[in-house]
file final-v4.pdb (PDB, C-alpha atoms, pLDDT in the B column)
ATOM      1  CA  ILE A  98     -96.742 -69.512  -1.366  1.00 78.00           C
ATOM      2  CA  LEU A  99     -93.465 -71.397  -1.753  1.00 82.00           C
ATOM      3  CA  THR A 100     -94.850 -73.168  -4.824  1.00 87.00           C
ATOM      4  CA  ILE A 101     -95.856 -69.840  -6.401  1.00 86.00           C
ATOM      5  CA  PHE A 102     -92.438 -68.360  -5.693  1.00 87.00           C
ATOM      6  CA  ALA A 103     -90.656 -71.419  -7.125  1.00 89.00           C
ATOM      7  CA  SER A 104     -92.847 -71.363 -10.253  1.00 91.00           C
ATOM      8  CA  PHE A 105     -92.163 -67.662 -10.788  1.00 89.00           C
ATOM      9  CA  PHE A 106     -88.410 -68.163 -10.329  1.00 88.00           C
ATOM     10  CA  PHE A 107     -88.433 -71.109 -12.753  1.00 90.00           C
ATOM     11  CA  ALA A 108     -90.322 -69.010 -15.330  1.00 91.00           C
ATOM     12  CA  LEU A 109     -87.678 -66.273 -15.066  1.00 90.00           C
ATOM     13  CA  ILE A 110     -84.911 -68.806 -15.662  1.00 91.00           C
ATOM     14  CA  LEU A 111     -86.726 -70.160 -18.733  1.00 93.00           C
ATOM     15  CA  CYS A 112     -87.128 -66.611 -20.098  1.00 92.00           C
ATOM     16  CA  GLU A 113     -83.422 -65.938 -19.507  1.00 88.00           C
ATOM     17  CA  ILE A 114     -82.446 -69.149 -21.334  1.00 92.00           C
ATOM     18  CA  PHE A 115     -84.827 -68.393 -24.231  1.00 90.00           C
ATOM     19  CA  LEU A 116     -83.401 -64.891 -24.705  1.00 90.00           C
ATOM     20  CA  ARG A 117     -79.796 -66.077 -24.517  1.00 88.00           C
ATOM     21  CA  ILE A 118     -80.423 -68.671 -27.255  1.00 88.00           C
ATOM     22  CA  PHE A 119     -82.927 -67.020 -29.590  1.00 87.00           C
ATOM     23  CA  TYR A 120     -82.882 -63.279 -28.879  1.00 86.00           C
ATOM     24  CA  PRO A 121     -79.636 -62.252 -27.122  1.00 85.00           C
ATOM     25  CA  GLN A 122     -79.473 -58.716 -25.784  1.00 84.00           C
ATOM     26  CA  ASN A 123     -76.703 -56.154 -25.557  1.00 77.00           C
ATOM     27  CA  LEU A 124     -75.465 -56.149 -21.959  1.00 77.00           C
ATOM     28  CA  VAL A 125     -74.821 -52.711 -20.487  1.00 75.00           C
ATOM     29  CA  SER A 126     -73.841 -52.148 -16.873  1.00 75.00           C
ATOM     30  CA  THR A 127     -74.962 -49.019 -15.063  1.00 76.00           C
ATOM     31  CA  PHE A 128     -72.101 -46.566 -15.344  1.00 81.00           C
ATOM     32  CA  PHE A 129     -73.733 -43.150 -14.900  1.00 80.00           C
ATOM     33  CA  PHE A 130     -76.437 -41.721 -12.661  1.00 83.00           C
ATOM     34  CA  GLN A 131     -78.265 -38.526 -11.724  1.00 82.00           C
ATOM     35  CA  ASN A 132     -77.230 -36.465  -8.714  1.00 84.00           C
ATOM     36  CA  LYS A 133     -79.659 -34.465  -6.585  1.00 80.00           C
ATOM     37  CA  ASP A 134     -79.546 -31.542  -9.060  1.00 81.00           C
ATOM     38  CA  GLY A 135     -80.426 -33.759 -12.018  1.00 82.00           C
ATOM     39  CA  LEU A 136     -76.899 -33.743 -13.467  1.00 87.00           C
ATOM     40  CA  TYR A 137     -75.827 -37.026 -15.041  1.00 89.00           C
ATOM     41  CA  LEU A 138     -72.396 -38.144 -13.827  1.00 94.00           C
ATOM     42  CA  ASN A 139     -70.106 -41.099 -14.335  1.00 94.00           C
ATOM     43  CA  LYS A 140     -69.846 -43.524 -11.437  1.00 90.00           C
ATOM     44  CA  ASN A 141     -67.434 -42.367  -8.761  1.00 91.00           C
ATOM     45  CA  TYR A 142     -65.707 -45.744  -8.447  1.00 89.00           C
ATOM     46  CA  GLY A 143     -65.720 -49.295  -9.771  1.00 88.00           C
ATOM     47  CA  SER A 144     -66.080 -50.681 -13.278  1.00 89.00           C
ATOM     48  CA  ALA A 145     -68.762 -51.409 -15.856  1.00 89.00           C
ATOM     49  CA  LYS A 146     -69.059 -53.740 -18.831  1.00 86.00           C
ATOM     50  CA  HIS A 147     -70.577 -52.864 -22.193  1.00 87.00           C
ATOM     51  CA  GLU A 148     -71.190 -55.841 -24.487  1.00 83.00           C
ATOM     52  CA  THR A 149     -72.893 -55.918 -27.882  1.00 81.00           C
ATOM     53  CA  ILE A 150     -74.006 -59.148 -29.484  1.00 72.00           C
ATOM     54  CA  SER A 151     -74.076 -57.897 -33.090  1.00 70.00           C
ATOM     55  CA  ASP A 152     -70.442 -56.717 -33.047  1.00 72.00           C
ATOM     56  CA  ASN A 153     -69.265 -59.452 -30.668  1.00 76.00           C
ATOM     57  CA  LYS A 154     -67.291 -56.879 -28.712  1.00 83.00           C
ATOM     58  CA  ILE A 155     -66.864 -56.045 -25.031  1.00 88.00           C
ATOM     59  CA  ALA A 156     -65.663 -52.724 -23.639  1.00 92.00           C
ATOM     60  CA  TYR A 157     -64.843 -52.073 -19.997  1.00 92.00           C
ATOM     61  CA  TYR A 158     -65.206 -48.723 -18.286  1.00 95.00           C
ATOM     62  CA  HIS A 159     -63.339 -47.834 -15.081  1.00 95.00           C
ATOM     63  CA  PHE A 160     -63.923 -44.871 -12.785  1.00 96.00           C
ATOM     64  CA  ALA A 161     -62.310 -42.788 -10.048  1.00 95.00           C
ATOM     65  CA  PRO A 162     -63.310 -39.683  -8.057  1.00 95.00           C
ATOM     66  CA  PRO A 163     -64.610 -37.183  -8.885  1.00 95.00           C
ATOM     67  CA  HIS A 164     -66.675 -39.072 -11.491  1.00 96.00           C
ATOM     68  CA  LEU A 165     -63.827 -39.508 -13.970  1.00 97.00           C
ATOM     69  CA  ARG A 166     -63.317 -42.224 -16.554  1.00 97.00           C
ATOM     70  CA  VAL A 167     -59.837 -43.664 -16.020  1.00 97.00           C
ATOM     71  CA  SER A 168     -57.724 -46.660 -16.960  1.00 96.00           C
ATOM     72  CA  LYS A 169     -57.975 -49.775 -14.795  1.00 95.00           C
ATOM     73  CA  LYS A 170     -54.601 -49.095 -13.173  1.00 94.00           C
ATOM     74  CA  ASP A 171     -55.681 -45.524 -12.291  1.00 95.00           C
ATOM     75  CA  MET A 172     -58.833 -46.501 -10.370  1.00 95.00           C
ATOM     76  CA  ASN A 173     -57.102 -45.555  -7.100  1.00 94.00           C
ATOM     77  CA  ILE A 174     -55.473 -42.445  -8.517  1.00 92.00           C
ATOM     78  CA  LYS A 175     -54.958 -39.405  -6.263  1.00 91.00           C
ATOM     79  CA  ILE A 176     -55.527 -36.383  -8.442  1.00 91.00           C
ATOM     80  CA  ASN A 177     -53.764 -34.064  -5.999  1.00 90.00           C
ATOM     81  CA  ASP A 178     -50.514 -35.882  -6.806  1.00 90.00           C
ATOM     82  CA  ILE A 179     -50.736 -34.918 -10.488  1.00 91.00           C
ATOM     83  CA  GLU A 180     -48.641 -31.853 -11.266  1.00 89.00           C
ATOM     84  CA  ASN A 181     -50.415 -30.600 -14.388  1.00 93.00           C
ATOM     85  CA  LYS A 182     -54.059 -31.573 -14.807  1.00 96.00           C
ATOM     86  CA  ILE A 183     -56.053 -30.937 -17.961  1.00 96.00           C
ATOM     87  CA  LEU A 184     -59.779 -31.500 -17.488  1.00 97.00           C
ATOM     88  CA  ILE A 185     -61.751 -32.791 -20.476  1.00 97.00           C
ATOM     89  CA  LEU A 186     -65.446 -31.904 -20.712  1.00 97.00           C
ATOM     90  CA  GLY A 187     -67.382 -33.556 -23.522  1.00 94.00           C
ATOM     91  CA  SER A 188     -70.132 -36.013 -24.423  1.00 92.00           C
ATOM     92  CA  SER A 189     -70.259 -39.650 -25.565  1.00 90.00           C
ATOM     93  CA  ILE A 190     -67.629 -39.386 -28.291  1.00 91.00           C
ATOM     94  CA  HIS A 191     -65.193 -37.845 -25.801  1.00 94.00           C
ATOM     95  CA  PHE A 192     -66.135 -40.327 -23.073  1.00 96.00           C
ATOM     96  CA  GLY A 193     -65.145 -43.070 -25.490  1.00 94.00           C
ATOM     97  CA  TRP A 194     -68.474 -44.825 -25.941  1.00 90.00           C
ATOM     98  CA  PHE A 195     -67.937 -48.544 -26.531  1.00 89.00           C
ATOM     99  CA  LEU A 196     -64.145 -48.173 -26.480  1.00 94.00           C
ATOM    100  CA  ASN A 197     -61.694 -49.514 -23.947  1.00 95.00           C
ATOM    101  CA  TYR A 198     -59.727 -46.750 -22.247  1.00 96.00           C
ATOM    102  CA  ASP A 199     -56.527 -47.283 -24.265  1.00 95.00           C
ATOM    103  CA  GLU A 200     -58.555 -46.828 -27.466  1.00 96.00           C
ATOM    104  CA  THR A 201     -59.984 -43.423 -26.470  1.00 96.00           C
ATOM    105  CA  PHE A 202     -58.268 -40.212 -27.512  1.00 95.00           C
ATOM    106  CA  VAL A 203     -57.709 -39.335 -23.838  1.00 96.00           C
ATOM    107  CA  GLY A 204     -56.074 -42.707 -23.228  1.00 96.00           C
ATOM    108  CA  LEU A 205     -53.877 -42.368 -26.314  1.00 96.00           C
ATOM    109  CA  ILE A 206     -52.713 -38.857 -25.387  1.00 95.00           C
ATOM    110  CA  ASN A 207     -51.992 -39.880 -21.786  1.00 95.00           C
ATOM    111  CA  LYS A 208     -49.952 -42.820 -23.061  1.00 94.00           C
ATOM    112  CA  HIS A 209     -47.926 -40.459 -25.261  1.00 93.00           C
ATOM    113  CA  LEU A 210     -47.386 -38.003 -22.382  1.00 92.00           C
ATOM    114  CA  LYS A 211     -46.166 -40.812 -20.151  1.00 90.00           C
ATOM    115  CA  GLN A 212     -43.721 -42.010 -22.787  1.00 89.00           C
ATOM    116  CA  LYS A 213     -42.344 -38.470 -23.014  1.00 85.00           C
ATOM    117  CA  ASN A 214     -42.054 -38.332 -19.206  1.00 80.00           C
ATOM    118  CA  LYS A 215     -44.373 -35.340 -19.085  1.00 81.00           C
ATOM    119  CA  GLN A 216     -45.861 -34.517 -15.661  1.00 86.00           C
ATOM    120  CA  THR A 217     -49.211 -33.824 -17.304  1.00 92.00           C
ATOM    121  CA  LYS A 218     -52.379 -35.912 -17.354  1.00 95.00           C
ATOM    122  CA  LEU A 219     -55.746 -35.545 -19.045  1.00 96.00           C
ATOM    123  CA  LEU A 220     -58.712 -36.189 -16.749  1.00 97.00           C
ATOM    124  CA  ASN A 221     -61.854 -37.309 -18.567  1.00 98.00           C
ATOM    125  CA  SER A 222     -65.158 -36.286 -16.978  1.00 97.00           C
ATOM    126  CA  SER A 223     -67.211 -36.589 -20.201  1.00 96.00           C
ATOM    127  CA  VAL A 224     -70.658 -38.199 -20.084  1.00 94.00           C
ATOM    128  CA  GLY A 225     -72.839 -39.353 -22.966  1.00 88.00           C
ATOM    129  CA  GLY A 226     -75.700 -36.920 -23.581  1.00 84.00           C
ATOM    130  CA  TRP A 227     -74.035 -33.956 -21.884  1.00 88.00           C
ATOM    131  CA  GLY A 228     -74.781 -30.494 -23.206  1.00 84.00           C
ATOM    132  CA  ASN A 229     -72.976 -27.286 -22.346  1.00 84.00           C
ATOM    133  CA  ALA A 230     -75.116 -26.745 -19.243  1.00 85.00           C
ATOM    134  CA  SER A 231     -74.023 -30.138 -17.884  1.00 89.00           C
ATOM    135  CA  LYS A 232     -70.365 -29.221 -18.356  1.00 91.00           C
ATOM    136  CA  LEU A 233     -70.903 -25.932 -16.542  1.00 89.00           C
ATOM    137  CA  SER A 234     -72.627 -27.747 -13.692  1.00 90.00           C
ATOM    138  CA  TYR A 235     -69.744 -30.234 -13.396  1.00 94.00           C
ATOM    139  CA  LEU A 236     -67.247 -27.380 -13.199  1.00 93.00           C
ATOM    140  CA  LYS A 237     -69.248 -25.637 -10.500  1.00 91.00           C
ATOM    141  CA  ASN A 238     -69.403 -28.842  -8.459  1.00 92.00           C
ATOM    142  CA  PHE A 239     -65.890 -30.250  -8.888  1.00 95.00           C
ATOM    143  CA  ALA A 240     -63.457 -27.636 -10.225  1.00 94.00           C
ATOM    144  CA  GLN A 241     -62.239 -26.740  -6.723  1.00 94.00           C
ATOM    145  CA  GLU A 242     -61.615 -30.405  -5.944  1.00 95.00           C
ATOM    146  CA  ILE A 243     -59.723 -31.106  -9.170  1.00 96.00           C
ATOM    147  CA  LYS A 244     -57.923 -27.756  -9.521  1.00 95.00           C
ATOM    148  CA  PRO A 245     -57.086 -28.256 -13.212  1.00 96.00           C
ATOM    149  CA  LYS A 246     -54.396 -26.143 -14.837  1.00 95.00           C
ATOM    150  CA  HIS A 247     -56.386 -26.112 -18.069  1.00 96.00           C
ATOM    151  CA  VAL A 248     -59.941 -27.042 -19.077  1.00 96.00           C
ATOM    152  CA  ILE A 249     -60.789 -28.232 -22.587  1.00 96.00           C
ATOM    153  CA  VAL A 250     -64.476 -28.059 -23.511  1.00 94.00           C
ATOM    154  CA  PHE A 251     -65.650 -29.947 -26.593  1.00 93.00           C
ATOM    155  CA  ILE A 252     -68.808 -28.582 -28.180  1.00 87.00           C
ATOM    156  CA  GLN A 253     -70.971 -30.238 -30.826  1.00 80.00           C
ATOM    157  CA  PRO A 254     -73.932 -28.581 -32.610  1.00 76.00           C
ATOM    158  CA  ASP A 255     -76.530 -30.918 -31.074  1.00 71.00           C
ATOM    159  CA  GLU A 256     -75.349 -30.081 -27.542  1.00 67.00           C
ATOM    160  CA  PHE A 257     -77.033 -26.674 -27.623  1.00 65.00           C
ATOM    161  CA  GLY A 258     -80.384 -28.440 -27.844  1.00 64.00           C
ATOM    162  CA  ALA A 259     -79.384 -30.792 -25.033  1.00 64.00           C
ATOM    163  CA  SER A 260     -78.499 -27.800 -22.853  1.00 61.00           C
ATOM    164  CA  TYR A 261     -81.901 -26.241 -23.494  1.00 61.00           C
ATOM    165  CA  ASN A 262     -83.832 -29.454 -22.821  1.00 64.00           C
ATOM    166  CA  ASN A 263     -82.093 -30.593 -19.627  1.00 64.00           C
ATOM    167  CA  SER A 264     -83.206 -27.523 -17.608  1.00 69.00           C
ATOM    168  CA  LEU A 265     -80.004 -27.355 -15.528  1.00 76.00           C
ATOM    169  CA  TYR A 266     -79.644 -23.676 -16.365  1.00 72.00           C
ATOM    170  CA  TYR A 267     -81.676 -21.076 -18.232  1.00 70.00           C
ATOM    171  CA  ILE A 268     -81.220 -17.429 -19.194  1.00 71.00           C
ATOM    172  CA  ASN A 269     -83.566 -14.818 -17.768  1.00 74.00           C
ATOM    173  CA  GLU A 270     -83.103 -11.130 -18.596  1.00 77.00           C
ATOM    174  CA  GLY A 271     -79.508 -11.738 -19.598  1.00 76.00           C
ATOM    175  CA  LYS A 272     -78.654 -13.652 -16.408  1.00 76.00           C
ATOM    176  CA  LEU A 273     -77.734 -17.322 -16.084  1.00 71.00           C
ATOM    177  CA  ILE A 274     -80.140 -18.937 -13.615  1.00 75.00           C
ATOM    178  CA  LYS A 275     -79.846 -22.402 -12.112  1.00 77.00           C
ATOM    179  CA  GLY A 276     -82.833 -24.508 -13.140  1.00 72.00           C
ATOM    180  CA  ASN A 277     -84.716 -27.322 -11.474  1.00 71.00           C
ATOM    181  CA  ARG A 278     -84.247 -30.465 -13.529  1.00 68.00           C
ATOM    182  CA  PRO A 279     -86.565 -33.393 -12.667  1.00 69.00           C
ATOM    183  CA  VAL A 280     -84.771 -36.229 -10.892  1.00 72.00           C
ATOM    184  CA  ASN A 281     -85.674 -39.891 -11.391  1.00 71.00           C
ATOM    185  CA  LYS A 282     -85.717 -40.938  -7.729  1.00 73.00           C
ATOM    186  CA  ILE A 283     -86.563 -44.572  -8.535  1.00 72.00           C
ATOM    187  CA  LYS A 284     -83.516 -44.900 -10.788  1.00 71.00           C
ATOM    188  CA  ILE A 285     -81.300 -43.278  -8.163  1.00 70.00           C
ATOM    189  CA  PHE A 286     -82.639 -45.740  -5.578  1.00 73.00           C
ATOM    190  CA  VAL A 287     -82.128 -48.946  -7.592  1.00 72.00           C
ATOM    191  CA  ASN A 288     -78.650 -47.902  -8.734  1.00 71.00           C
ATOM    192  CA  LYS A 289     -77.499 -48.111  -5.114  1.00 71.00           C
ATOM    193  CA  PHE A 290     -77.928 -51.894  -5.050  1.00 73.00           C
ATOM    194  CA  ARG A 291     -75.075 -54.120  -6.245  1.00 75.00           C
ATOM    195  CA  VAL A 292     -77.508 -56.879  -7.235  1.00 80.00           C
ATOM    196  CA  TYR A 293     -79.177 -54.527  -9.751  1.00 78.00           C
ATOM    197  CA  ASN A 294     -75.840 -53.679 -11.360  1.00 75.00           C
ATOM    198  CA  PHE A 295     -74.872 -57.379 -11.379  1.00 79.00           C
ATOM    199  CA  LEU A 296     -78.104 -58.306 -13.172  1.00 81.00           C
ATOM    200  CA  MET A 297     -77.710 -55.487 -15.712  1.00 78.00           C
ATOM    201  CA  THR A 298     -74.193 -56.750 -16.425  1.00 76.00           C
ATOM    202  CA  ASN A 299     -75.113 -60.407 -16.851  1.00 81.00           C
ATOM    203  CA  SER A 300     -78.836 -60.868 -17.456  1.00 87.00           C
ATOM    204  CA  HIS A 301     -80.348 -60.754 -20.953  1.00 87.00           C
ATOM    205  CA  LEU A 302     -83.827 -60.676 -19.393  1.00 89.00           C
ATOM    206  CA  MET A 303     -83.040 -57.556 -17.334  1.00 85.00           C
ATOM    207  CA  ASN A 304     -81.683 -55.718 -20.370  1.00 79.00           C
ATOM    208  CA  PHE A 305     -84.665 -56.774 -22.470  1.00 86.00           C
ATOM    209  CA  GLY A 306     -86.981 -55.394 -19.789  1.00 84.00           C
ATOM    210  CA  ARG A 307     -85.012 -52.131 -19.584  1.00 75.00           C
ATOM    211  CA  ILE A 308     -85.311 -51.598 -23.346  1.00 74.00           C
ATOM    212  CA  GLN A 309     -89.087 -52.203 -23.272  1.00 73.00           C
ATOM    213  CA  ILE A 310     -89.547 -49.693 -20.456  1.00 71.00           C
ATOM    214  CA  LEU A 311     -87.474 -47.047 -22.258  1.00 56.00           C
ATOM    215  CA  LYS A 312     -89.466 -47.377 -25.503  1.00 55.00           C
TER     216      LYS A 312
END
call {"tool": "encode", "arguments": {"input": "final-v4.pdb", "output": "structure tokens"}}
result
Amino acid sequence: ILTIFASFFFALILCEIFLRIFYPQNLVSTFFFQNKDGLYLNKNYGSAKHETISDNKIAYYHFAPPHLRVSKKDMNIKINDIENKILILGSSIHFGWFLNYDETFVGLINKHLKQKNKQTKLLNSSVGGWGNASKLSYLKNFAQEIKPKHVIVFIQPDEFGASYNNSLYYINEGKLIKGNRPVNKIKIFVNKFRVYNFLMTNSHLMNFGRIQILK
């Protein structure tokens, strides 16, 4: 049994080396997940790395409660201490996909507000793939916790289709009804383990396998 295990482990190492040399993969940490209602959310804490081989670029994402993308220095932020909070609800372009925080429009505006000594801060809850139903669900779950003074909702044409397909809400006889979106329980389970997130961040073999499964 030990010999079989050692052979299997050695084969995995060879595959990892082969991919790193001849077929390197984009390395993407897990930085969002599904909650029990099927809503995709940013991580509630910690960081994630997004690396692409073709562009030779690395972006880092940092998070703070409740499921906000923040700068690295704001990872321990206490939102109740912020005088004027403006909540941003959007999708990948508003999240700042493959951009470091200071390069995102939220980061740039917050930097300007700080320079002007304004007691106002934008809080970015955006998630890639969100439709309007996802934004509504986030508000219902976290608006009381955040207590924003203003809410800015960004809407793109393709998000109407996303809202229809994700089944979070539907309209019946003129009434908005909460739906029952399928939840990937296996993905929720594996995302709890630090070793899985470590491998997704550093292993070309793991990311190759993830891409093949998603095809």
call {"tool": "closest_residue", "arguments": {"input": "final-v4.pdb", "among": "A:Asn281, A:Ser144, A:Ser223, A:Ser231", "to": "Tyr158 in chain A", "atoms": "only C-alpha atoms"}}
result
A:Ser144
call {"tool": "closest_residue", "arguments": {"input": "final-v4.pdb", "among": "A:Tyr142, A:Phe102, A:Tyr137, A:Phe192", "to": "Pro163 in chain A", "atoms": "only C-alpha atoms"}}
result
A:Tyr142
call {"tool": "resolve_selection", "arguments": {"input": "final-v4.pdb", "expression": "the PyMOL selection byres ((chain A and resi 190) around 9)", "output": "number ranges by chain"}}
result
A: 187-189, 191-194, 201, 223-225
call {"tool": "atom_distance", "arguments": {"input": "final-v4.pdb", "atom1": "CA of Val167 in chain A", "atom2": "CA of Asn139 in chain A"}}
result
10.7 Å
call {"tool": "resolve_selection", "arguments": {"input": "final-v4.pdb", "expression": "the PyMOL selection byres ((chain A and resi 141) around 9)", "output": "VMD selection string"}}
result
chain A and resid 129 138 to 140 142 to 143 160 to 166
call {"tool": "write_last_selection", "arguments": {"input": "final-v4.pdb", "atoms": "C-alpha atoms", "output": "mmCIF file, in the frame of the given file"}}
result
data_model
loop_
_atom_site.group_PDB
_atom_site.id
_atom_site.type_symbol
_atom_site.label_atom_id
_atom_site.label_comp_id
_atom_site.auth_asym_id
_atom_site.auth_seq_id
_atom_site.Cartn_x
_atom_site.Cartn_y
_atom_site.Cartn_z
ATOM 1 C CA PHE A 129 -73.733 -43.150 -14.900
ATOM 2 C CA LEU A 138 -72.396 -38.144 -13.827
ATOM 3 C CA ASN A 139 -70.106 -41.099 -14.335
ATOM 4 C CA LYS A 140 -69.846 -43.524 -11.437
ATOM 5 C CA TYR A 142 -65.707 -45.744 -8.447
ATOM 6 C CA GLY A 143 -65.720 -49.295 -9.771
ATOM 7 C CA PHE A 160 -63.923 -44.871 -12.785
ATOM 8 C CA ALA A 161 -62.310 -42.788 -10.048
ATOM 9 C CA PRO A 162 -63.310 -39.683 -8.057
ATOM 10 C CA PRO A 163 -64.610 -37.183 -8.885
ATOM 11 C CA HIS A 164 -66.675 -39.072 -11.491
ATOM 12 C CA LEU A 165 -63.827 -39.508 -13.970
ATOM 13 C CA ARG A 166 -63.317 -42.224 -16.554
#
call {"tool": "atom_distance", "arguments": {"input": "final-v4.pdb", "atom1": "CA of Val280 in chain A", "atom2": "CA of Asp134 in chain A"}}
result
7.3 Å
call {"tool": "resolve_selection", "arguments": {"input": "final-v4.pdb", "expression": "the PyMOL selection byres ((chain A and resi 146) around 6)", "output": "compact mmCIF listing (two decimals) with C-alpha atoms, keeping the file's coordinate frame"}}
result
# COMPACT_ATOMS: atom_id res chain seq x y z
CA SER A 126 -73.84 -52.15 -16.87
CA ALA A 145 -68.76 -51.41 -15.86
CA HIS A 147 -70.58 -52.86 -22.19
CA ALA A 156 -65.66 -52.72 -23.64
CA TYR A 157 -64.84 -52.07 -20.00
call {"tool": "atom_distance", "arguments": {"input": "final-v4.pdb", "atom1": "CA of Ser234 in chain A", "atom2": "CA of Lys272 in chain A"}}
result
15.6 Å
